[in-house]
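A.B. asks: Would you mind keeping the following structure in view while I ask a few things?
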Amino acid sequence: MANSGHAAHEGHDDHHGAPKSFWQRWVVTTNHKDIGTLYLIFAGVMFFVGGLMALVIRAELFQPGLQFVDPMFFNSMTTMHALAMIFGAVMPAWVGLANWMIPLQVGAPDMALPRMNNFSFWIMPFAFTLLLSTLFTGSGAPAGGWTLYPPLSLQGGDSFPMAIFAIHMMGASSIMGAINVIVTIMNMRAPGMTLLRMPLFCWTWLITAYLLILVMPVLAGAVTMLLTDHFFGTSFFSAAGGGDPVMYQHIFWFFGHPEVYILILPAFGVVSEIIPAFSRKPLFGYESMVYASASIGFLSFIVWAHHMFTVGMPLAGQLFFMLTTMLIAVPTGVKVFNWSATMWKGSLSFEPPMLFAVAFLFLFTIGGFSGLMLSIVPADFQYQDSYFVVAHFHYVLVPGAIFAIMAGIYYWLPKWSGHMYNMSLAKWHFWLSTIFVNVLFFPQHFLGLAGMPRRIPDYSVQFADWNMVSSIGAFGFGLSQLLMPYLVWQCVRGGAAAKAKAWEGARGLEWEVPSPAPYHTWETAPDEATIIHASPTGH
Amino acid sequence: MLRKPGSLSAVAAFVAALAAPAAHADWALNMPRGVTTMSQQIYSLHMTIFWWCVAIAVFVFGWMITSLVKFRHSQGAVPDTQMLHSTKAEVIWTIIPVVILVILAIPAARTLIHLEDASGTQLTVKITGYQWKWQYEYLDKGVSYFSTLSRDSDAARQLQSGVDPKTIPDYLLSVDNPLVVPVGTKIRLLLTSQDVIHAWWVPDLAVKKDAIPGFVNEAWFEVQADKPGTYRGQCAELCGRDHGFMPIVVVAKTPAEFEAWLKTQQQASLPAAPNAG
Amino acid sequence: MSSKSDSHDASTYYVPHGSPWPILGSVALFTLMIGAVSFMNEWAGGWSFLPGALLLAFMFFGWFTTVINENEQGMYNLQVDKSFRMGMMWFIMSELMFFAAFFGALFYARQLSVPWIGGDGVKIFNKLLLWQDFNAAWPTNGPAKLGGHADHSFETIKAFSLPAINTAILLTSGVTITIAHHALREGNRKVLGYALAATWMLGFLFVYLQGTEYHEAYTELGLKLSTGIYGSTFFMLTGFHGLHVSIGAIMLFIIWLRCMRGHFTPTRHFAFEAVAWYWHFVDVVWLVLFVFVYWI
Ligand code: HEA
Ligand code: HEA
Ligand code: CUA
Ligand SMILES: [Cu+2]
């Protein structure tokens, strides 16, 4: 097999190895692999931070009555948990995976704009320092929900501008990250790597990057208007001056809905790599997967008001947003069916990446079904702002996005570290996670349907039983997650050597370079034969 | 290798429990049918979508599980690597979901249009949200009052109060002054707020509408004539510290009882409070 | 930063070595944000913006110097050049969406929230119960008549006064920069210098006139940031645009200095083009703004 990446590497002198000094290697670096690692570590830390906040929530909700925290602090936990998970854990994890994998997969020597790449990473820790430090301000952390609806969010104290500026910083970081992905894919593909020979992870990330560029600035605009309403006397969101609080919601969700697809599209990509690899069979319907992803991206721009069915929109608006939202089920269904068809008549084995990918298929689909239920306006009047919604989005986010991230890590870890990991530990991690995640979130459907509103620190006793189950699930799920950093640590330090192609059925250029991937890869582009050999459809 | 014990058994439990008669309230699983025509229409809409989802799930998950069982590498399965795509299959699984969605959209749209039709109401109540209480004004009747969390719940819900919530009747769901309405009467609600956004939600009435400062939202309900009773709900839009503690209680009385109640209220209250235009 | 000893082969894509500018930029941004927070929360005066702003300026200066030097040494092949171009394009796209959020607010207010507050259609109860005397006509500072003169009235700026002149200025500057671009491509450095100088001067003139307009708005017209939704959208849009013109004019000035130093060749002048695109972008935004904010 042509190991051109490796071969090219051999001939060069030492400055192509990793720098020795910590500062050179980890702080001022321009290497996509190191930046990818930094992103992933950051995401992991934020996942634990956000998870601890979730555990505060679940501990307080374990029983009726207020046992541990003040309601205001509870609201801060809800708000910060969501911000930490979405902006701190899932998005950086995807950028980290993009950094590691996209140059490898398209046969590029690095990301297109490496210094900007480093910049977009380093903004994140600072942004989160700013955001998390609000926990220590006198007025407490933001407590208006992650959606920051005015007028409530305008009642925030010292922490209010801190949160706004932190969001500005994250936005800047995401935009730069997205520009890098687009430019890398559009300009850095090896000759012969046509768009339709790209792995789906590149495709879904490309679409994600377009979404990011189109919506992150809109979020920045929305929070800027909050800022001026609070400090400079503007009336964007106040009826007294001719504005409207609901206008904020429209602008926010114009960002917010595409945002949830930003979180899930790369997951679709990862799953579309893993299912074929462990079915030992090419992805079924490659092109329709690409079109489906693009349709989802497009539709995500015209459905936003399904988050606002109770604000009193005119009937025509409600009907429009209901119908467009329902339509998203169609391209998503195409994906689900294509994955099923990929497994059909395959030769399936269940290594940890495949286990997580299969769980994703089942559990994401359940989350999608509840999403479809939410899109039915009259029914949504009963579901909206209840735990049914909480159950919906955790199904698509935790066994959806988070499981896909884990699947991706288990899939590519041998490529990064050069070692295989402890398979049985990973399987433990999988089974515990899958069982507990359902114990955690499935009962929340019942709670919501029975009438429990979200964002409350205490509830009436009729909700006690399922809340207790859910909290037990939360602690079980949380504890199970400790296995993963341990496993990764072990794997980085040693273990059986991984082959260049760590998994028998894997396809893609990343498997044509040795494991661990050399510090610099594809300084000489792979030749067309290699590209075709590694392409998802084999031609 | 195929089991997804978590998801599948939970789905199974859900389905089984839905079918079981009168599940114990504490382990409630499903949406209440409610006591208005609209709430029952919404309930059946909800169940319709739910069963469609179950049917699709049975199909998709069945398909996946078959693959997981049948095509195992460890059992010597040989992959069919020529199976790249099939236009026919792809067209089918695009069209069928569209058809299902149309089938769902029609009753949904019909119910929605019905819900939005607030004509012919016989009584109007203006509801104003405050941090953290509700104000009810019976327009043109000269009755207006505030409704807040009842005292015993309020005492018990303090941080580490030491009071067991289970000893409090309707913990967090009882108020000092409930909204009183006649059954069999189409009642118009006009919702607004004095500070931040709140939402007025009573599951049994299937009404949830935001109360937005500076704007008035309209909603309506009609409790079925044979369903007088007490119906409880909560504020459903995060409105600050005590968002969890501004419940809603609606008492539906027979028209005669309601008239009597209104009389006593009118006598008790000071010269009309509301200044509705 | 890259060391000069690197023998760089123009056939390969230039991947820069570690650079301190990004981390410095992050620190600068953080400092700037802390400064802004301190100012907003009244922990400190306006000076608190200064450290971050200075650091940021230093970072930009250093980063661009590095890039310019590398470019002058011929380390960037055409593929790198293309990456820069695409990067700039998408950056401008993101800026466009930033403006879109504010335009969205304007359209929403004019088309929906103001008529609704005035009781339009099914929203009649807004008028009946809350805002009886509100006349929903644009421009407005809302039913509570926020801001404005002492009697809460205010006037707007006529489209065909200063704004029209400003439109002419920006359009002219669009022409001069195109002239400069042609001159650059034809190797006519003299015309390039003059045309580019004219462009940045027009840019600063625009900013100056905008300043006088703001002055008039505040002192005479009762039109302020706090003058209800009209003042909010007016100043947010024009102010944000003015900020972009200022940045653009500064960039033009720097590009002009570089031209004077003999930078750029008829075929390779990414930085020039990037600034030109940016300038056209602020131009286009202005036209939309002129129509929807001032005119109709
Ligand atoms: C990764 C994130 C993610 C994803 C992928 C989705 C996917 C979907 N979401 Fe979800 N959603 C969120 C994250 C996400 N959502 C979040 C975070 C919130 C709450 C925000 C907040 O308020 O804080 C939310 C809230 C939310 C609401 C608002 C609820 C409310 O507040 O009242 C609605 C309403 O329509 C909705 C709908 C949908 C739909 C229709 C999909 C669809 O894309 C799902 C499509 C998938 C399927 C349908 C399954 C597979 C398809 C088939 C097997 C084909 C056949 C199927 C049929 C024909 C039915 N979502
Ligand atoms: C990607 C996004 C994401 C992810 C991954 C999660 C993960 C989890 N979330 Fe969620 N959540 C949101 C996004 C997300 N969430 C959003 C957007 C909201 C809405 C916010 C709003 O209303 O504004 C929300 C709201 C929300 C609520 C509702 C709060 C309310 O309405 O008041 C709850 C309640 O149960 C909850 C729980 C959890 C739990 C238990 C997890 C778990 O999966 C977390 C698991 C991880 C850990 C637990 C950490 C790892 C382990 C350790 C740190 C070791 C220590 C462990 C022990 C000692 C046991 N979340
Ligand atoms: Cu009022 Cu929540
Ligand atoms: Cu959405």
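Chain labels run A, B, ... following the order of the structure tokens; each chain numbers its residues from 1, and ligands are numbered from 1 in the order shown.
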Leaving out stretch 24-35 of chain B and any residue of its chain fewer than 2 positions from it, which residues lie within 10 Å of it when counting only C-alpha atoms, given as a VMD selection string?
C.D. replies: (chain A and resid 382 to 383 443 to 451 461 to 466) or (chain B and resid 13 to 15 17 to 18 21 to 22 37 to 44 46 to 47 183 202 to 206 221 to 229 231)
A.B. asks: Residues of the last selection are to be written out with C-alpha atoms, as a PDB file, in the first residue's frame.
C.D. replies:
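Listing of out_12.pdb after writing:
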ATOM      1  CA  GLN A 382     -48.424  20.798  25.763  1.00  0.00           C
ATOM      2  CA  TYR A 383     -44.752  19.866  25.395  1.00  0.00           C
ATOM      3  CA  PRO A 443     -38.046   9.085  32.279  1.00  0.00           C
ATOM      4  CA  GLN A 444     -37.837  12.768  31.441  1.00  0.00           C
ATOM      5  CA  HIS A 445     -40.321  12.126  28.641  1.00  0.00           C
ATOM      6  CA  PHE A 446     -42.807  10.940  31.242  1.00  0.00           C
ATOM      7  CA  LEU A 447     -42.119  13.881  33.510  1.00  0.00           C
ATOM      8  CA  GLY A 448     -42.708  16.326  30.724  1.00  0.00           C
ATOM      9  CA  LEU A 449     -45.892  14.721  29.562  1.00  0.00           C
ATOM     10  CA  ALA A 450     -47.164  14.631  33.116  1.00  0.00           C
ATOM     11  CA  GLY A 451     -46.649  18.383  33.255  1.00  0.00           C
ATOM     12  CA  VAL A 461     -44.453  15.426  44.729  1.00  0.00           C
ATOM     13  CA  GLN A 462     -46.223  13.703  41.863  1.00  0.00           C
ATOM     14  CA  PHE A 463     -42.992  14.055  39.868  1.00  0.00           C
ATOM     15  CA  ALA A 464     -40.799  12.583  42.594  1.00  0.00           C
ATOM     16  CA  ASP A 465     -40.430   9.031  41.387  1.00  0.00           C
ATOM     17  CA  TRP A 466     -39.215   9.549  37.858  1.00  0.00           C
TER      18      TRP A 466
ATOM     19  CA  ALA B  13     -42.093  -0.207  29.146  1.00  0.00           C
ATOM     20  CA  PHE B  14     -43.440   3.036  27.768  1.00  0.00           C
ATOM     21  CA  VAL B  15     -45.652   1.310  25.263  1.00  0.00           C
ATOM     22  CA  ALA B  17     -47.573   1.358  30.358  1.00  0.00           C
ATOM     23  CA  LEU B  18     -49.543   3.501  27.961  1.00  0.00           C
ATOM     24  CA  PRO B  21     -55.257   1.204  32.591  1.00  0.00           C
ATOM     25  CA  ALA B  22     -54.947   3.994  35.154  1.00  0.00           C
ATOM     26  CA  THR B  37     -62.558  19.664  23.794  1.00  0.00           C
ATOM     27  CA  MET B  38     -59.281  21.085  22.605  1.00  0.00           C
ATOM     28  CA  SER B  39     -57.242  19.219  25.181  1.00  0.00           C
ATOM     29  CA  GLN B  40     -58.793  15.975  24.039  1.00  0.00           C
ATOM     30  CA  GLN B  41     -58.154  16.751  20.409  1.00  0.00           C
ATOM     31  CA  ILE B  42     -54.566  17.551  21.268  1.00  0.00           C
ATOM     32  CA  TYR B  43     -54.285  14.357  23.259  1.00  0.00           C
ATOM     33  CA  SER B  44     -55.449  12.276  20.354  1.00  0.00           C
ATOM     34  CA  HIS B  46     -50.311  13.431  20.390  1.00  0.00           C
ATOM     35  CA  MET B  47     -51.205   9.752  20.465  1.00  0.00           C
ATOM     36  CA  VAL B 183     -67.846  25.201  32.925  1.00  0.00           C
ATOM     37  CA  VAL B 202     -52.519  24.316  32.667  1.00  0.00           C
ATOM     38  CA  PRO B 203     -52.076  20.861  31.113  1.00  0.00           C
ATOM     39  CA  ASP B 204     -55.670  19.784  31.710  1.00  0.00           C
ATOM     40  CA  LEU B 205     -56.921  22.784  29.758  1.00  0.00           C
ATOM     41  CA  ALA B 206     -54.225  22.413  27.076  1.00  0.00           C
ATOM     42  CA  PHE B 221     -60.572  27.318  26.618  1.00  0.00           C
ATOM     43  CA  GLU B 222     -63.889  25.811  27.453  1.00  0.00           C
ATOM     44  CA  VAL B 223     -64.152  23.302  30.262  1.00  0.00           C
ATOM     45  CA  GLN B 224     -66.632  20.590  29.370  1.00  0.00           C
ATOM     46  CA  ALA B 225     -69.948  21.042  31.090  1.00  0.00           C
ATOM     47  CA  ASP B 226     -69.649  17.789  33.018  1.00  0.00           C
ATOM     48  CA  LYS B 227     -66.137  18.437  34.269  1.00  0.00           C
ATOM     49  CA  PRO B 228     -66.217  20.925  37.130  1.00  0.00           C
ATOM     50  CA  GLY B 229     -63.133  20.570  39.274  1.00  0.00           C
ATOM     51  CA  TYR B 231     -57.013  22.025  37.571  1.00  0.00           C
TER      52      TYR B 231
END
A.B. asks: For ligand 1, list the contacting residues at 6 Å or closer, counting only C-alpha atoms and all ligand atoms, as an mmCIF file with N, CA and C atoms, in the first residue's frame.
C.D. replies:
data_model
loop_
_atom_site.group_PDB
_atom_site.id
_atom_site.type_symbol
_atom_site.label_atom_id
_atom_site.label_comp_id
_atom_site.auth_asym_id
_atom_site.auth_seq_id
_atom_site.Cartn_x
_atom_site.Cartn_y
_atom_site.Cartn_z
ATOM 1 N N VAL A 260 -28.049 23.716 16.433
ATOM 2 C CA VAL A 260 -28.181 22.317 16.834
ATOM 3 C C VAL A 260 -27.760 21.383 15.697
ATOM 4 N N TYR A 261 -27.895 21.826 14.482
ATOM 5 C CA TYR A 261 -27.376 20.994 13.385
ATOM 6 C C TYR A 261 -25.878 21.111 13.269
ATOM 7 N N LEU A 263 -24.130 21.026 15.797
ATOM 8 C CA LEU A 263 -23.699 20.017 16.763
ATOM 9 C C LEU A 263 -23.860 18.596 16.226
ATOM 10 N N ILE A 264 -24.809 18.387 15.315
ATOM 11 C CA ILE A 264 -25.104 17.009 14.934
ATOM 12 C C ILE A 264 -24.561 16.634 13.553
ATOM 13 N N HIS A 306 -39.902 27.196 15.401
ATOM 14 C CA HIS A 306 -40.539 26.080 16.120
ATOM 15 C C HIS A 306 -40.166 26.075 17.600
ATOM 16 N N HIS A 307 -39.213 26.924 17.969
ATOM 17 C CA HIS A 307 -38.902 27.064 19.393
ATOM 18 C C HIS A 307 -39.811 28.082 20.060
ATOM 19 N N THR A 325 -40.463 22.397 9.594
ATOM 20 C CA THR A 325 -39.781 21.575 10.599
ATOM 21 C C THR A 325 -40.030 20.096 10.346
ATOM 22 N N MET A 326 -41.282 19.772 10.037
ATOM 23 C CA MET A 326 -41.582 18.367 9.781
ATOM 24 C C MET A 326 -40.757 17.836 8.619
ATOM 25 N N ILE A 328 -37.789 18.313 7.840
ATOM 26 C CA ILE A 328 -36.415 17.891 8.153
ATOM 27 C C ILE A 328 -36.355 16.397 8.399
ATOM 28 N N ALA A 329 -37.475 15.813 8.799
ATOM 29 C CA ALA A 329 -37.465 14.365 9.036
ATOM 30 C C ALA A 329 -37.121 13.607 7.754
ATOM 31 N N VAL A 330 -37.410 14.204 6.595
ATOM 32 C CA VAL A 330 -37.198 13.465 5.347
ATOM 33 C C VAL A 330 -35.708 13.244 5.056
ATOM 34 N N THR A 332 -33.273 13.533 7.081
ATOM 35 C CA THR A 332 -32.687 12.785 8.195
ATOM 36 C C THR A 332 -33.050 11.316 8.073
ATOM 37 N N GLY A 333 -34.286 11.068 7.630
ATOM 38 C CA GLY A 333 -34.690 9.688 7.416
ATOM 39 C C GLY A 333 -33.826 9.035 6.348
ATOM 40 N N VAL A 336 -30.790 7.845 8.007
ATOM 41 C CA VAL A 336 -30.992 6.668 8.853
ATOM 42 C C VAL A 336 -31.154 5.424 7.988
ATOM 43 N N THR A 365 -32.314 8.376 16.710
ATOM 44 C CA THR A 365 -33.618 8.266 16.050
ATOM 45 C C THR A 365 -34.748 8.497 17.048
ATOM 46 N N GLY A 368 -34.973 12.013 17.452
ATOM 47 C CA GLY A 368 -35.590 12.608 16.268
ATOM 48 C C GLY A 368 -37.101 12.465 16.289
ATOM 49 N N PHE A 369 -37.575 11.324 16.747
ATOM 50 C CA PHE A 369 -39.025 11.133 16.831
ATOM 51 C C PHE A 369 -39.648 12.142 17.792
ATOM 52 N N GLY A 371 -38.483 14.945 18.457
ATOM 53 C CA GLY A 371 -38.402 16.231 17.758
ATOM 54 C C GLY A 371 -39.585 16.394 16.819
ATOM 55 N N LEU A 372 -39.894 15.323 16.113
ATOM 56 C CA LEU A 372 -41.035 15.395 15.200
ATOM 57 C C LEU A 372 -42.319 15.682 15.971
ATOM 58 N N LEU A 374 -42.562 17.319 18.683
ATOM 59 C CA LEU A 374 -42.519 18.728 19.091
ATOM 60 C C LEU A 374 -42.907 19.666 17.959
ATOM 61 N N SER A 375 -42.672 19.231 16.736
ATOM 62 C CA SER A 375 -42.925 20.144 15.623
ATOM 63 C C SER A 375 -44.416 20.299 15.350
ATOM 64 N N ASP A 380 -47.255 20.698 20.594
ATOM 65 C CA ASP A 380 -46.150 21.419 21.230
ATOM 66 C C ASP A 380 -46.651 22.348 22.325
ATOM 67 N N TYR A 383 -46.123 20.299 25.108
ATOM 68 C CA TYR A 383 -44.752 19.866 25.395
ATOM 69 C C TYR A 383 -43.824 21.026 25.746
ATOM 70 N N GLN A 384 -44.089 22.190 25.158
ATOM 71 C CA GLN A 384 -43.098 23.271 25.187
ATOM 72 C C GLN A 384 -42.707 23.617 26.614
ATOM 73 N N ASP A 385 -41.404 23.855 26.794
ATOM 74 C CA ASP A 385 -40.867 24.203 28.107
ATOM 75 C C ASP A 385 -41.209 23.183 29.182
ATOM 76 N N VAL A 389 -39.255 18.328 26.325
ATOM 77 C CA VAL A 389 -38.263 18.987 25.478
ATOM 78 C C VAL A 389 -36.857 18.647 25.962
ATOM 79 N N PHE A 393 -33.992 16.929 23.570
ATOM 80 C CA PHE A 393 -32.693 17.426 23.104
ATOM 81 C C PHE A 393 -31.534 16.699 23.745
ATOM 82 N N VAL A 396 -30.853 13.731 21.414
ATOM 83 C CA VAL A 396 -30.070 14.027 20.215
ATOM 84 C C VAL A 396 -28.674 14.526 20.561
ATOM 85 N N LEU A 397 -28.513 15.072 21.781
ATOM 86 C CA LEU A 397 -27.207 15.632 22.119
ATOM 87 C C LEU A 397 -26.295 14.633 22.821
ATOM 88 N N PRO B 97 -41.865 8.672 3.849
ATOM 89 C CA PRO B 97 -41.922 9.636 4.961
ATOM 90 C C PRO B 97 -42.716 10.894 4.615
ATOM 91 N N ILE B 100 -46.271 10.095 5.086
ATOM 92 C CA ILE B 100 -46.615 10.031 6.515
ATOM 93 C C ILE B 100 -46.726 11.435 7.095
ATOM 94 N N LEU B 101 -45.808 12.291 6.706
ATOM 95 C CA LEU B 101 -45.838 13.644 7.252
ATOM 96 C C LEU B 101 -47.100 14.376 6.822
#
A.B. asks: Would you mind listing, as JSON, numbers by chain, all residues of chain C that have at least one atom within 8 Å of chain B, where only C-alpha atoms are what counts?
C.D. replies: {"C": [117, 123, 125, 126, 128, 129, 130, 132]}
A.B. asks: Those same residues, written as a PDB file, in the first residue's frame with all heavy atoms?
C.D. replies:
ATOM      1  N   ILE C 117     -47.794  46.671  18.132  1.00  0.00           N
ATOM      2  CA  ILE C 117     -48.032  47.493  19.322  1.00  0.00           C
ATOM      3  C   ILE C 117     -49.201  48.436  19.051  1.00  0.00           C
ATOM      4  O   ILE C 117     -50.000  48.729  19.932  1.00  0.00           O
ATOM      5  CB  ILE C 117     -46.755  48.280  19.698  1.00  0.00           C
ATOM      6  CG1 ILE C 117     -45.648  47.312  20.106  1.00  0.00           C
ATOM      7  CG2 ILE C 117     -47.036  49.247  20.842  1.00  0.00           C
ATOM      8  CD1 ILE C 117     -44.293  47.972  20.279  1.00  0.00           C
ATOM      9  N   LYS C 123     -53.857  41.647  16.618  1.00  0.00           N
ATOM     10  CA  LYS C 123     -53.140  42.149  17.795  1.00  0.00           C
ATOM     11  C   LYS C 123     -53.856  43.347  18.408  1.00  0.00           C
ATOM     12  O   LYS C 123     -53.258  44.143  19.112  1.00  0.00           O
ATOM     13  CB  LYS C 123     -51.712  42.534  17.403  1.00  0.00           C
ATOM     14  CG  LYS C 123     -50.939  41.423  16.749  1.00  0.00           C
ATOM     15  CD  LYS C 123     -50.488  40.394  17.762  1.00  0.00           C
ATOM     16  CE  LYS C 123     -49.733  39.277  17.061  1.00  0.00           C
ATOM     17  NZ  LYS C 123     -49.192  38.294  17.989  1.00  0.00           N
ATOM     18  N   PHE C 125     -55.713  43.774  20.830  1.00  0.00           N
ATOM     19  CA  PHE C 125     -55.724  43.958  22.283  1.00  0.00           C
ATOM     20  C   PHE C 125     -54.505  44.718  22.791  1.00  0.00           C
ATOM     21  O   PHE C 125     -54.547  45.296  23.864  1.00  0.00           O
ATOM     22  CB  PHE C 125     -55.840  42.605  22.990  1.00  0.00           C
ATOM     23  CG  PHE C 125     -57.191  41.992  22.814  1.00  0.00           C
ATOM     24  CD1 PHE C 125     -57.374  40.937  21.934  1.00  0.00           C
ATOM     25  CD2 PHE C 125     -58.281  42.508  23.478  1.00  0.00           C
ATOM     26  CE1 PHE C 125     -58.626  40.387  21.760  1.00  0.00           C
ATOM     27  CE2 PHE C 125     -59.538  41.963  23.300  1.00  0.00           C
ATOM     28  CZ  PHE C 125     -59.714  40.904  22.436  1.00  0.00           C
ATOM     29  N   ASN C 126     -53.425  44.706  22.011  1.00  0.00           N
ATOM     30  CA  ASN C 126     -52.281  45.512  22.430  1.00  0.00           C
ATOM     31  C   ASN C 126     -52.704  46.965  22.553  1.00  0.00           C
ATOM     32  O   ASN C 126     -52.303  47.679  23.461  1.00  0.00           O
ATOM     33  CB  ASN C 126     -51.148  45.422  21.399  1.00  0.00           C
ATOM     34  CG  ASN C 126     -50.504  44.055  21.407  1.00  0.00           C
ATOM     35  OD1 ASN C 126     -50.491  43.385  22.429  1.00  0.00           O
ATOM     36  ND2 ASN C 126     -49.995  43.636  20.261  1.00  0.00           N
ATOM     37  N   LEU C 128     -56.007  48.062  22.729  1.00  0.00           N
ATOM     38  CA  LEU C 128     -57.138  48.237  23.649  1.00  0.00           C
ATOM     39  C   LEU C 128     -56.704  48.220  25.109  1.00  0.00           C
ATOM     40  O   LEU C 128     -57.191  48.991  25.920  1.00  0.00           O
ATOM     41  CB  LEU C 128     -58.168  47.127  23.413  1.00  0.00           C
ATOM     42  CG  LEU C 128     -58.843  47.160  22.040  1.00  0.00           C
ATOM     43  CD1 LEU C 128     -59.883  46.065  21.934  1.00  0.00           C
ATOM     44  CD2 LEU C 128     -59.469  48.521  21.788  1.00  0.00           C
ATOM     45  N   LEU C 129     -55.795  47.306  25.442  1.00  0.00           N
ATOM     46  CA  LEU C 129     -55.479  47.149  26.855  1.00  0.00           C
ATOM     47  C   LEU C 129     -54.236  47.898  27.290  1.00  0.00           C
ATOM     48  O   LEU C 129     -54.104  48.232  28.462  1.00  0.00           O
ATOM     49  CB  LEU C 129     -55.295  45.667  27.189  1.00  0.00           C
ATOM     50  CG  LEU C 129     -56.523  44.777  27.062  1.00  0.00           C
ATOM     51  CD1 LEU C 129     -56.191  43.367  27.488  1.00  0.00           C
ATOM     52  CD2 LEU C 129     -57.675  45.312  27.900  1.00  0.00           C
ATOM     53  N   LEU C 130     -53.295  48.108  26.374  1.00  0.00           N
ATOM     54  CA  LEU C 130     -52.017  48.629  26.855  1.00  0.00           C
ATOM     55  C   LEU C 130     -51.622  49.996  26.306  1.00  0.00           C
ATOM     56  O   LEU C 130     -51.155  50.842  27.041  1.00  0.00           O
ATOM     57  CB  LEU C 130     -50.894  47.631  26.536  1.00  0.00           C
ATOM     58  CG  LEU C 130     -51.023  46.255  27.169  1.00  0.00           C
ATOM     59  CD1 LEU C 130     -49.942  45.327  26.643  1.00  0.00           C
ATOM     60  CD2 LEU C 130     -50.923  46.354  28.685  1.00  0.00           C
ATOM     61  N   GLN C 132     -53.214  52.668  24.366  1.00  0.00           N
ATOM     62  CA  GLN C 132     -54.345  53.299  23.692  1.00  0.00           C
ATOM     63  C   GLN C 132     -53.955  54.421  22.734  1.00  0.00           C
ATOM     64  O   GLN C 132     -54.499  54.529  21.650  1.00  0.00           O
ATOM     65  CB  GLN C 132     -55.354  53.847  24.711  1.00  0.00           C
ATOM     66  CG  GLN C 132     -56.158  52.786  25.413  1.00  0.00           C
ATOM     67  CD  GLN C 132     -55.451  52.277  26.674  1.00  0.00           C
ATOM     68  OE1 GLN C 132     -54.260  52.519  26.851  1.00  0.00           O
ATOM     69  NE2 GLN C 132     -56.174  51.582  27.514  1.00  0.00           N
TER      70      GLN C 132
END
A.B. asks: Please determine the contact residues of chain B with respect to chain A at a cut-off of 6 Å, counting only C-alpha atoms, and supply them as a ChimeraX atom specification.
C.D. replies: /B:6,26,29-31,42,46,64,67,71-73,77-81,84-85,112,157,159-160,171-172,196,208-210,214,217,236,241,244
A.B. asks: Could you produce a table of the residues of chain C lying within 7 Å of chain A, with the nearest pair of atoms per residue and their separation in Å rounded to one decimal, using only C-alpha atoms, ordered by chain and increasing residue number, as CSV?
C.D. replies:
residue,atom,partner,partner_atom,distance
C:Val15,CA,A:Pro114,CA,6.8
C:Pro16,CA,A:Thr30,CA,6.8
C:His17,CA,A:Thr30,CA,6.1
C:Gly18,CA,A:Thr29,CA,4.4
C:Ser19,CA,A:Val28,CA,5.1
C:Pro20,CA,A:Val28,CA,5.3
C:Pro22,CA,A:Phe119,CA,4.4
C:Ile23,CA,A:Trp122,CA,6.1
C:Ser26,CA,A:Ile123,CA,5.0
C:Phe30,CA,A:Phe126,CA,6.2
C:Met33,CA,A:Phe165,CA,6.2
C:Val37,CA,A:Pro161,CA,5.8
C:Asn41,CA,A:Asp158,CA,5.9
C:Ser83,CA,A:Val183,CA,6.0
C:Met86,CA,A:Val183,CA,6.2
C:Gly87,CA,A:Ile179,CA,5.9
C:Trp90,CA,A:Ile179,CA,6.3
C:Ser94,CA,A:Ile213,CA,5.3
C:Glu95,CA,A:Pro217,CA,6.9
C:Met97,CA,A:Pro217,CA,5.7
C:Phe98,CA,A:Pro217,CA,4.6
C:Ala101,CA,A:Val218,CA,5.1
C:Phe102,CA,A:Gly221,CA,6.6
C:Ala109,CA,A:Gly243,CA,6.0
C:Ser113,CA,A:Asp244,CA,6.0
C:Val114,CA,A:Gly242,CA,5.5
C:Asn141,CA,A:Gly241,CA,5.2
C:Gly142,CA,A:Gly241,CA,3.8
C:Pro143,CA,A:Ala240,CA,5.5
C:Ala144,CA,A:Ala240,CA,4.9
C:Lys145,CA,A:Gly241,CA,6.4
C:Leu146,CA,A:Gly241,CA,5.7
C:Leu225,CA,A:Thr234,CA,5.9
C:Ser226,CA,A:Gly233,CA,4.7
C:Gly228,CA,A:Gly241,CA,4.1
C:Ile229,CA,A:Gly242,CA,5.2
C:Ser232,CA,A:Thr234,CA,4.9
A.B. asks: Please return as number ranges by chain the residues found within 8 Å of ligand 4, counting only C-alpha atoms and all ligand atoms.
C.D. replies: A: 253, 256-258, 260, 300, 303-307
A.B. asks: Residues contacting ligand 3 - anything with an atom at most 7 Å away, using only C-alpha atoms and all ligand atoms - can you give me those as a VMD selection string?
C.D. replies: chain B and resid 129 to 132 197 to 199 235 to 240 243 to 244 246
